[in-house]
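One file, data33.txt, is given below (compact mmCIF, C-alpha atoms).
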```txt
# COMPACT_ATOMS: atom_id res chain seq x y z
CA MET A 23 -28.20 4.59 -10.50
CA SER A 24 -30.73 5.03 -13.26
CA ASP A 25 -30.99 1.27 -13.69
CA VAL A 26 -31.46 0.57 -10.05
CA ILE A 27 -33.79 3.34 -9.08
CA GLU A 28 -36.09 5.66 -10.89
CA PRO A 29 -34.31 8.36 -12.82
CA GLY A 30 -35.39 12.00 -12.56
CA LEU A 31 -35.55 12.18 -8.77
CA GLU A 32 -32.95 13.85 -6.67
CA LEU A 33 -30.01 11.53 -6.04
CA LEU A 34 -30.50 11.50 -2.31
CA GLU A 35 -34.18 10.79 -2.59
CA ARG A 36 -33.53 7.98 -5.04
CA GLN A 37 -30.95 6.42 -2.76
CA ASN A 38 -33.34 6.67 0.20
CA ARG A 39 -36.11 5.07 -1.78
CA PHE A 40 -33.86 2.26 -2.91
CA VAL A 41 -32.81 1.56 0.68
CA SER A 42 -36.40 1.80 1.94
CA GLU A 43 -37.65 -0.65 -0.68
CA HIS A 44 -35.15 -3.35 0.11
CA PHE A 45 -33.71 -2.81 3.56
CA ARG A 46 -36.05 -5.07 5.53
CA ARG A 47 -35.63 -8.01 3.19
CA ILE A 48 -31.87 -7.56 3.07
CA PHE A 49 -31.63 -7.13 6.83
CA VAL A 50 -33.59 -10.35 7.45
CA GLN A 51 -31.55 -12.21 4.86
CA ILE A 52 -28.30 -11.14 6.50
CA TYR A 53 -29.66 -11.68 10.00
CA HIS A 54 -30.45 -15.30 9.14
CA LEU A 55 -26.82 -15.80 8.21
CA VAL A 56 -25.14 -13.99 11.08
CA GLN A 57 -27.85 -14.38 13.76
CA ASN A 58 -26.96 -11.09 15.41
CA VAL A 59 -28.82 -7.78 15.14
CA ALA A 60 -25.84 -5.42 15.46
CA ASP A 61 -23.78 -7.33 12.89
CA ALA A 62 -26.78 -7.64 10.59
CA GLN A 63 -27.31 -3.87 10.73
CA ASP A 64 -23.66 -3.13 9.94
CA LEU A 65 -23.61 -5.63 7.11
CA THR A 66 -26.90 -4.34 5.68
CA GLN A 67 -25.39 -0.86 5.51
CA GLU A 68 -22.22 -2.24 3.95
CA ALA A 69 -24.23 -4.13 1.34
CA PHE A 70 -26.21 -1.02 0.36
CA ILE A 71 -23.10 1.12 0.15
CA LYS A 72 -21.41 -1.47 -2.09
CA ALA A 73 -24.49 -1.71 -4.27
CA LEU A 74 -24.92 2.05 -4.67
CA GLN A 75 -21.22 2.55 -5.35
CA HIS A 76 -21.18 -0.08 -8.06
CA GLN A 77 -24.60 0.36 -9.56
CA GLU A 78 -23.16 0.75 -13.05
CA GLN A 79 -22.50 -3.01 -12.91
CA LEU A 80 -26.23 -3.66 -12.94
CA LYS A 81 -27.36 -3.85 -16.53
CA ASP A 82 -30.93 -4.99 -15.99
CA GLY A 83 -32.95 -2.89 -13.54
CA GLN A 84 -35.49 -5.73 -13.22
CA LYS A 85 -32.84 -7.79 -11.50
CA ALA A 86 -31.94 -5.17 -8.89
CA ALA A 87 -33.43 -7.19 -6.01
CA GLN A 88 -31.61 -10.36 -7.04
CA TRP A 89 -28.37 -8.46 -7.54
CA LEU A 90 -28.69 -6.80 -4.15
CA SER A 91 -29.39 -10.16 -2.49
CA ARG A 92 -26.22 -11.55 -3.99
CA ILE A 93 -24.20 -8.60 -2.70
CA ALA A 94 -25.78 -9.04 0.74
CA THR A 95 -25.01 -12.77 0.80
CA ASN A 96 -21.40 -12.20 -0.22
CA THR A 97 -21.02 -9.44 2.36
CA ALA A 98 -22.33 -11.74 5.10
CA ILE A 99 -20.16 -14.67 3.97
CA ASP A 100 -17.08 -12.45 3.94
CA PHE A 101 -17.95 -11.34 7.44
CA LEU A 102 -18.34 -14.94 8.63
CA ARG A 103 -15.00 -15.81 7.09
CA ARG A 104 -13.31 -12.85 8.70
CA SER A 105 -14.71 -13.56 12.09
CA SER A 106 -14.43 -17.25 12.75
CA ARG A 107 -15.86 -16.25 16.08
CA ALA A 108 -19.58 -15.78 15.89
CA THR A 109 -21.23 -13.76 18.55
CA PHE A 110 -24.85 -14.36 19.25
CA SER A 111 -25.26 -12.15 22.23
CA GLU A 112 -28.70 -10.58 22.45
CA LEU A 113 -30.66 -13.80 22.36
CA GLU A 114 -33.92 -12.59 23.72
CA ASP A 115 -33.50 -8.85 23.78
CA GLY A 116 -35.58 -8.00 20.80
CA PHE A 117 -37.76 -11.05 20.47
CA GLU A 118 -41.43 -10.66 21.03
CA SER A 119 -42.23 -12.25 24.35
CA GLY A 120 -45.48 -10.65 25.37
CA SER A 121 -47.52 -13.85 25.35
CA GLU A 122 -44.81 -16.13 26.70
CA THR A 123 -44.02 -17.16 30.25
CA PRO A 124 -40.43 -16.73 31.48
CA GLU A 125 -39.99 -20.53 31.25
CA GLN A 126 -41.07 -20.51 27.62
CA ILE A 127 -38.72 -17.65 26.85
CA LEU A 128 -35.86 -19.51 28.51
CA LEU A 129 -36.63 -22.72 26.62
CA ARG A 130 -36.80 -20.91 23.32
CA SER A 131 -33.60 -19.11 24.07
CA GLU A 132 -31.85 -22.39 24.88
CA HIS A 133 -33.14 -24.00 21.71
CA ARG A 134 -31.91 -21.12 19.64
CA GLU A 135 -28.52 -21.23 21.30
CA TYR A 136 -28.38 -24.94 20.60
CA LEU A 137 -29.07 -24.37 16.90
CA GLU A 138 -26.58 -21.55 16.67
CA ASP A 139 -23.87 -23.72 18.22
CA GLY A 140 -24.52 -26.23 15.44
CA LEU A 141 -24.26 -23.55 12.77
CA ARG A 142 -20.81 -22.62 13.99
CA LEU A 143 -19.53 -26.01 12.86
CA LEU A 144 -20.36 -25.25 9.23
CA SER A 145 -18.19 -23.35 6.78
CA PRO A 146 -19.60 -19.93 5.78
CA ARG A 147 -20.81 -21.24 2.41
CA GLU A 148 -22.32 -24.42 3.88
CA ARG A 149 -24.04 -22.31 6.47
CA ALA A 150 -25.38 -19.88 3.87
CA ALA A 151 -26.58 -22.69 1.60
CA LEU A 152 -28.28 -24.55 4.45
CA ILE A 153 -30.00 -21.45 5.79
CA MET A 154 -31.23 -20.32 2.41
CA ARG A 155 -32.53 -23.79 1.61
CA ASP A 156 -33.85 -25.08 4.95
CA VAL A 157 -34.60 -21.88 6.83
CA GLU A 158 -35.70 -19.51 4.07
CA GLY A 159 -37.01 -22.32 1.87
CA LEU A 160 -35.42 -21.05 -1.35
CA PRO A 161 -35.09 -23.49 -4.25
CA ALA A 162 -31.57 -24.78 -4.92
CA GLU A 163 -31.41 -22.78 -8.18
CA GLU A 164 -31.91 -19.51 -6.35
CA VAL A 165 -29.41 -20.49 -3.68
CA ALA A 166 -26.91 -21.17 -6.47
CA GLN A 167 -27.61 -17.74 -7.96
CA ARG A 168 -27.13 -15.97 -4.66
CA LEU A 169 -23.91 -17.82 -3.95
CA SER A 170 -22.74 -17.35 -7.55
CA CYS A 171 -21.95 -21.03 -7.97
CA SER A 172 -23.37 -24.09 -9.72
CA LYS A 173 -26.36 -26.07 -8.54
CA ALA A 174 -24.15 -29.11 -8.02
CA THR A 175 -21.91 -27.12 -5.67
CA VAL A 176 -24.92 -25.87 -3.78
CA ARG A 177 -26.22 -29.43 -3.39
CA SER A 178 -22.86 -30.46 -2.04
CA HIS A 179 -22.89 -27.57 0.47
CA ILE A 180 -26.43 -28.43 1.53
CA ALA A 181 -25.63 -32.13 1.98
CA ASN A 182 -22.48 -31.33 3.97
CA GLY A 183 -24.38 -28.87 6.11
CA ARG A 184 -27.15 -31.33 6.91
CA THR A 185 -24.66 -34.11 7.65
CA LYS A 186 -22.57 -31.95 10.00
CA PHE A 187 -25.66 -30.64 11.71
CA ARG A 188 -27.03 -34.13 12.14
CA ARG A 189 -23.77 -35.31 13.75
CA TYR A 190 -23.87 -32.33 16.04
CA MET A 191 -27.44 -33.06 17.11
CA GLU A 192 -26.64 -36.70 17.76
CA LYS A 193 -23.61 -35.75 19.81
CA ARG A 194 -25.63 -33.34 21.91
CA LYS A 195 -28.31 -35.95 22.54
CA ARG A 196 -25.80 -38.33 24.11
CA MET B 15 -27.65 -54.56 -1.10
CA ARG B 16 -25.84 -51.39 -2.12
CA HIS B 17 -26.89 -48.39 -0.02
CA PRO B 18 -26.95 -44.79 -1.23
CA ASN B 19 -24.28 -42.63 0.40
CA GLN B 20 -24.95 -40.05 3.11
CA GLU B 21 -24.92 -37.16 0.66
CA ILE B 22 -27.69 -38.74 -1.41
CA LEU B 23 -29.76 -39.44 1.68
CA ALA B 24 -29.22 -35.92 3.03
CA LEU B 25 -30.37 -34.45 -0.28
CA HIS B 26 -33.28 -36.86 -0.57
CA ALA B 27 -34.55 -35.70 2.83
CA GLY B 28 -34.93 -32.18 1.50
CA GLY B 29 -36.21 -33.15 -1.96
CA ASP B 30 -33.04 -31.85 -3.56
CA LEU B 31 -32.27 -34.77 -5.87
CA GLY B 32 -32.92 -34.82 -9.58
CA PRO B 33 -35.88 -36.90 -10.81
CA PHE B 34 -33.93 -40.04 -11.67
CA ALA B 35 -31.83 -40.07 -8.46
CA ARG B 36 -34.97 -39.40 -6.44
CA TRP B 37 -36.80 -42.31 -8.05
CA ARG B 38 -33.87 -44.67 -7.53
CA THR B 39 -33.44 -43.61 -3.88
CA SER B 40 -37.16 -43.93 -3.19
CA ARG B 41 -37.09 -47.46 -4.58
CA HIS B 42 -34.19 -48.32 -2.31
CA LEU B 43 -35.84 -46.76 0.73
CA ALA B 44 -38.98 -48.80 0.16
CA ARG B 45 -37.05 -51.93 1.01
CA CYS B 46 -34.28 -50.66 3.32
CA GLU B 47 -35.20 -49.78 6.86
CA SER B 48 -31.74 -48.54 7.93
CA CYS B 49 -31.66 -45.98 5.10
CA ARG B 50 -35.21 -44.91 5.95
CA GLU B 51 -33.98 -44.20 9.47
CA GLU B 52 -31.08 -42.22 8.11
CA VAL B 53 -33.41 -40.09 6.02
CA ALA B 54 -35.66 -39.60 9.05
CA ARG B 55 -32.69 -38.22 11.00
CA PHE B 56 -31.87 -35.79 8.21
CA ASP B 57 -35.50 -34.81 8.21
CA GLU B 58 -35.26 -34.10 11.91
CA VAL B 59 -32.38 -31.72 11.20
CA ARG B 60 -34.40 -29.93 8.56
CA GLN B 61 -37.36 -29.56 10.85
CA SER B 62 -35.31 -28.09 13.65
CA LEU B 63 -33.65 -25.43 11.52
CA PRO B 64 -36.63 -23.13 10.91
CA GLY B 65 -36.17 -22.14 14.56
CA LEU B 66 -33.44 -19.89 13.19
CA ALA B 67 -35.85 -18.04 10.90
CA GLU B 68 -37.19 -15.96 13.77
CA VAL B 69 -36.20 -12.34 13.61
CA PRO B 70 -36.26 -10.18 16.72
CA ASP B 71 -39.09 -7.71 17.04
CA LEU B 72 -37.26 -4.57 16.05
CA GLN B 73 -38.23 -0.95 15.66
CA TRP B 74 -38.09 -1.12 11.92
CA ASN B 75 -38.66 2.58 11.29
CA ARG B 76 -35.81 3.56 13.55
CA LEU B 77 -33.61 0.90 12.04
CA ALA B 78 -34.47 2.13 8.54
CA ALA B 79 -33.62 5.71 9.47
CA GLU B 80 -30.31 4.65 10.97
CA ILE B 81 -29.40 2.52 7.99
CA LYS B 82 -30.30 5.28 5.53
CA ALA B 83 -28.24 7.83 7.44
CA ASN B 84 -25.25 5.51 7.65
CA VAL B 85 -25.50 4.55 4.00
CA ARG B 86 -25.53 8.24 3.08
CA LEU B 87 -22.51 8.82 5.29
CA GLY B 88 -20.72 5.84 3.81
CA LEU B 89 -21.38 7.01 0.26
CA ALA B 90 -20.20 10.54 1.10
CA ALA B 91 -17.03 9.17 2.67
CA GLY B 92 -16.50 6.98 -0.40
CA GLU B 93 -16.90 10.04 -2.62
CA CYS B 94 -14.28 11.94 -0.60
CA VAL B 95 -11.81 9.11 -0.96
CA ARG B 96 -12.62 8.70 -4.62
CA SER B 97 -12.17 12.39 -5.41
CA ALA B 98 -8.71 12.26 -3.85
CA ASP B 99 -7.76 9.36 -6.10
CA PRO B 100 -7.41 9.59 -9.87
CA PRO B 101 -10.66 8.57 -11.59
CA LEU B 102 -10.79 4.88 -12.44
CA ARG B 103 -12.69 5.11 -15.68
CA GLN B 104 -11.77 7.60 -18.33
CA SER B 105 -12.74 8.11 -21.87
CA GLY B 106 -10.53 6.93 -24.71
CA LEU B 107 -9.88 10.55 -25.62
CA ILE B 108 -8.40 11.34 -22.23
CA HIS B 109 -6.39 8.13 -22.38
CA SER B 110 -4.93 8.94 -25.77
CA GLY B 111 -4.28 12.58 -24.73
CA ARG B 112 -2.33 11.38 -21.74
CA ALA B 113 -0.41 8.95 -23.90
CA VAL B 114 0.61 11.78 -26.22
CA VAL B 115 1.74 13.97 -23.31
CA ALA B 116 3.71 11.06 -21.80
CA PHE B 117 5.35 10.34 -25.14
CA ALA B 118 6.25 14.03 -25.61
CA CYS B 119 7.79 14.14 -22.11
CA ALA B 120 9.80 11.02 -22.84
CA MET B 121 11.06 12.53 -26.08
CA VAL B 122 12.07 15.79 -24.34
CA LEU B 123 14.01 13.75 -21.79
CA VAL B 124 15.79 11.74 -24.47
CA VAL B 125 16.73 14.85 -26.47
CA THR B 126 17.93 16.67 -23.34
CA GLY B 127 20.04 13.66 -22.41
CA MET B 128 21.58 13.52 -25.87
CA VAL B 129 22.42 17.24 -25.81
CA LEU B 130 24.01 16.97 -22.35
CA GLU B 131 26.00 13.89 -23.33
CA ARG B 132 27.37 15.47 -26.49
CA PRO B 133 31.03 16.56 -26.04
CA LEU B 134 31.60 20.29 -26.01
CA PRO B 135 33.24 21.82 -29.06
CA ARG B 136 37.00 22.08 -28.74
CA ALA B 137 36.95 25.88 -28.89
CA ALA B 138 34.64 26.07 -25.92
CA ARG B 139 36.83 23.69 -23.92
CA GLU B 140 39.90 25.73 -24.57
CA GLU B 141 38.32 28.91 -23.31
CA GLY B 142 38.41 27.85 -19.63
CA PRO B 143 41.24 26.43 -17.53
CA LEU B 144 42.10 22.82 -18.16
CA VAL B 145 43.16 20.43 -15.42
CA GLN B 146 44.74 17.10 -16.29
CA ASN B 147 47.06 14.46 -14.91
CA THR B 148 50.37 13.76 -16.60
CA GLN B 149 53.20 11.35 -15.82
CA TYR B 150 54.67 14.07 -13.50
CA GLY B 151 51.59 15.06 -11.60
CA ILE B 152 48.59 17.38 -11.98
CA GLU B 153 48.79 20.20 -14.49
CA VAL B 154 46.52 23.23 -14.88
CA THR B 155 46.58 25.07 -18.21
CA ALA B 156 44.93 28.48 -18.61
CA GLY B 157 45.58 31.28 -21.09
CA GLY B 158 48.45 29.38 -22.71
CA GLU B 159 50.30 28.93 -19.39
CA THR B 160 50.71 25.72 -17.46
CA LEU B 161 51.21 25.12 -13.78
CA GLY B 162 52.17 21.64 -12.55
CA LEU B 163 52.11 19.97 -9.16
CA THR B 164 54.51 17.03 -9.35
CA ASN B 165 54.29 13.74 -7.51
CA ASN B 166 57.99 13.62 -6.57
CA GLY B 167 58.58 10.96 -9.21
CA VAL B 168 56.23 8.44 -7.60
CA GLN B 169 54.76 6.07 -10.17
CA ARG B 170 51.90 4.57 -8.17
CA VAL B 171 49.49 7.47 -7.83
CA THR B 172 45.75 7.38 -7.41
CA TYR B 173 43.99 10.25 -9.16
CA SER B 174 40.48 11.39 -8.40
CA LEU B 175 38.27 13.85 -10.18
CA ASP B 176 35.04 15.44 -9.04
CA ALA B 177 32.20 17.17 -10.80
CA GLN B 178 33.20 20.60 -9.45
CA GLY B 179 36.36 20.48 -11.56
CA SER B 180 38.91 19.58 -8.90
CA MET B 181 41.51 16.85 -9.31
CA GLY B 182 43.33 14.99 -6.53
CA ALA B 183 46.47 12.86 -6.51
CA ARG B 184 47.20 10.45 -3.64
CA TYR B 185 50.44 8.59 -3.16
CA ILE B 186 52.95 7.46 -0.52
CA ASP B 187 55.96 9.71 -0.36
CA PRO B 188 59.05 7.42 -0.64
CA GLU B 189 61.19 9.76 1.46
CA THR B 190 58.90 10.31 4.42
CA GLY B 191 56.59 7.30 4.12
CA TYR B 192 53.58 9.62 4.62
CA VAL B 193 50.48 9.51 2.53
CA THR B 194 50.45 12.66 0.46
CA ILE B 195 47.28 14.10 -1.04
CA ASN B 196 47.41 16.95 -3.57
CA THR B 197 44.17 18.51 -4.66
CA VAL B 198 43.85 21.17 -7.35
CA TYR B 199 40.68 23.24 -7.54
CA VAL B 200 39.87 24.94 -10.80
CA GLN B 201 37.56 27.94 -10.92
```
Once you've parsed the file, please lay out its structure as structure tokens.
Amino acid sequence: MSDVIEPGLELLERQNRFVSEHFRRIFVQIYHLVQNVADAQDLTQEAFIKALQHQEQLKDGQKAAQWLSRIATNTAIDFLRRSSRATFSELEDGFESGSETPEQILLRSEHREYLEDGLRLLSPRERAALIMRDVEGLPAEEVAQRLSCSKATVRSHIANGRTKFRRYMEKRKR
Amino acid sequence: MRHPNQEILALHAGGDLGPFARWRTSRHLARCESCREEVARFDEVRQSLPGLAEVPDLQWNRLAAEIKANVRLGLAAGECVRSADPPLRQSGLIHSGRAVVAFACAMVLVVTGMVLERPLPRAAREEGPLVQNTQYGIEVTAGGETLGLTNNGVQRVTYSLDAQGSMGARYIDPETGYVTINTVYVQ
């Protein structure tokens, strides 16, 4: 714990601070992969629990954020593997829609559904690589770090992801 | 003209090729319209994907509170499970201490086994009654006297012995044709 969060504070307070510091970033990261709020919340909790239970594995406190991101990515990928089904239920429930007309909301919802259908065709690792690269805009090196694999493997996942997605888009256009 | 494969074009669209591969692909694209179209399609894919970056407008404070509470609960539950299990990491001292205790237990077992296996001294055996089978049947000897239970001269007899000290003889009586079982209990 001392490496991850400041020593000297009460354990509970330190854990709370650690969660507070990172939870939004980790939640968003996981949400991008699973595209579902309830699942993202469960997986965020799971990732934090794993991290706090195995904090002795972290040697360099400076790399806590990176280490936590990797745990979160693996947790989400495991989830995607476990559930070949992917539920994207609450499409518009939480999205800000104050300035949009009902037609705009519907169009956006349809577009999102269309993209999510395409994502389902990708393997969990292809999906993760493509989202980190093309949605989050991370450099391939960082994607490789988060996925704990080589840059060449990441490139292969990205290329496969783009190719599958392109085929899907072309099929839907017809 | 040799065209780059789909993987190269897909990576080129996102600027994911190394410097040399990028330069070579760019040179090819400059004079190949079909490959330029392919790259444009991959580009279209890339431009549509950021639509997935949107995150719902959530009540972040409430979400944070829920996550913190559940993480705390999860850690406490993990602790409960862990305390029921033997600790995973122990010091070398504890390890070696346990090894010594295990070795001592093993030695005690071996010695006990050897003592139990060792035949009793003759004097001790003679103190109690002795039951044995002979060519005539089962004989019990105690205090210098012997009592025998004969098998009626039958040669094919099956003897059995149990840990309580009883002995049995089973055979087919040639006169009656019945199966006869004699059992002698020694106390």
Taking all atoms listed in the file into account, produce a table as a tab-separated table in which each residue of chain B with an atom at most 6 Å from an atom of chain A appears once, together with its shortest atom pair and the distance in Å to one decimal, ordered by chain and rising number.
```
residue	atom	partner	partner_atom	distance
B:Glu21	CA	A:Ala181	CA	5.2
B:Ala24	CA	A:Ala181	CA	5.3
B:Leu25	CA	A:Ala181	CA	5.7
B:Val59	CA	A:Arg188	CA	5.9
B:Leu63	CA	A:Val157	CA	6.0
B:Pro64	CA	A:Val157	CA	4.7
B:Ala67	CA	A:Val157	CA	5.7
B:Pro70	CA	A:Phe117	CA	4.1
B:Asp71	CA	A:Phe117	CA	5.0
B:Ile81	CA	A:Gln67	CA	5.8
B:Val85	CA	A:Gln67	CA	5.6
```
task: Quick one: pull the distance between CA of Arg170 in chain B and CA of Val145 in chain B, Å, one decimal.
output: 19.5 Å
task: Take CA of Ala90 in chain B and CA of Lys85 in chain A and report the distance between them in Å, one decimal.
output: 25.6 Å
field: Spatial neighbours of Arg50 in chain B, 12 Å, all atoms listed in the file, chain gap at least 4 places, as a ChimeraX atom specification
entry: /B:17-18,20,23-24,26-27,39-46,54-57
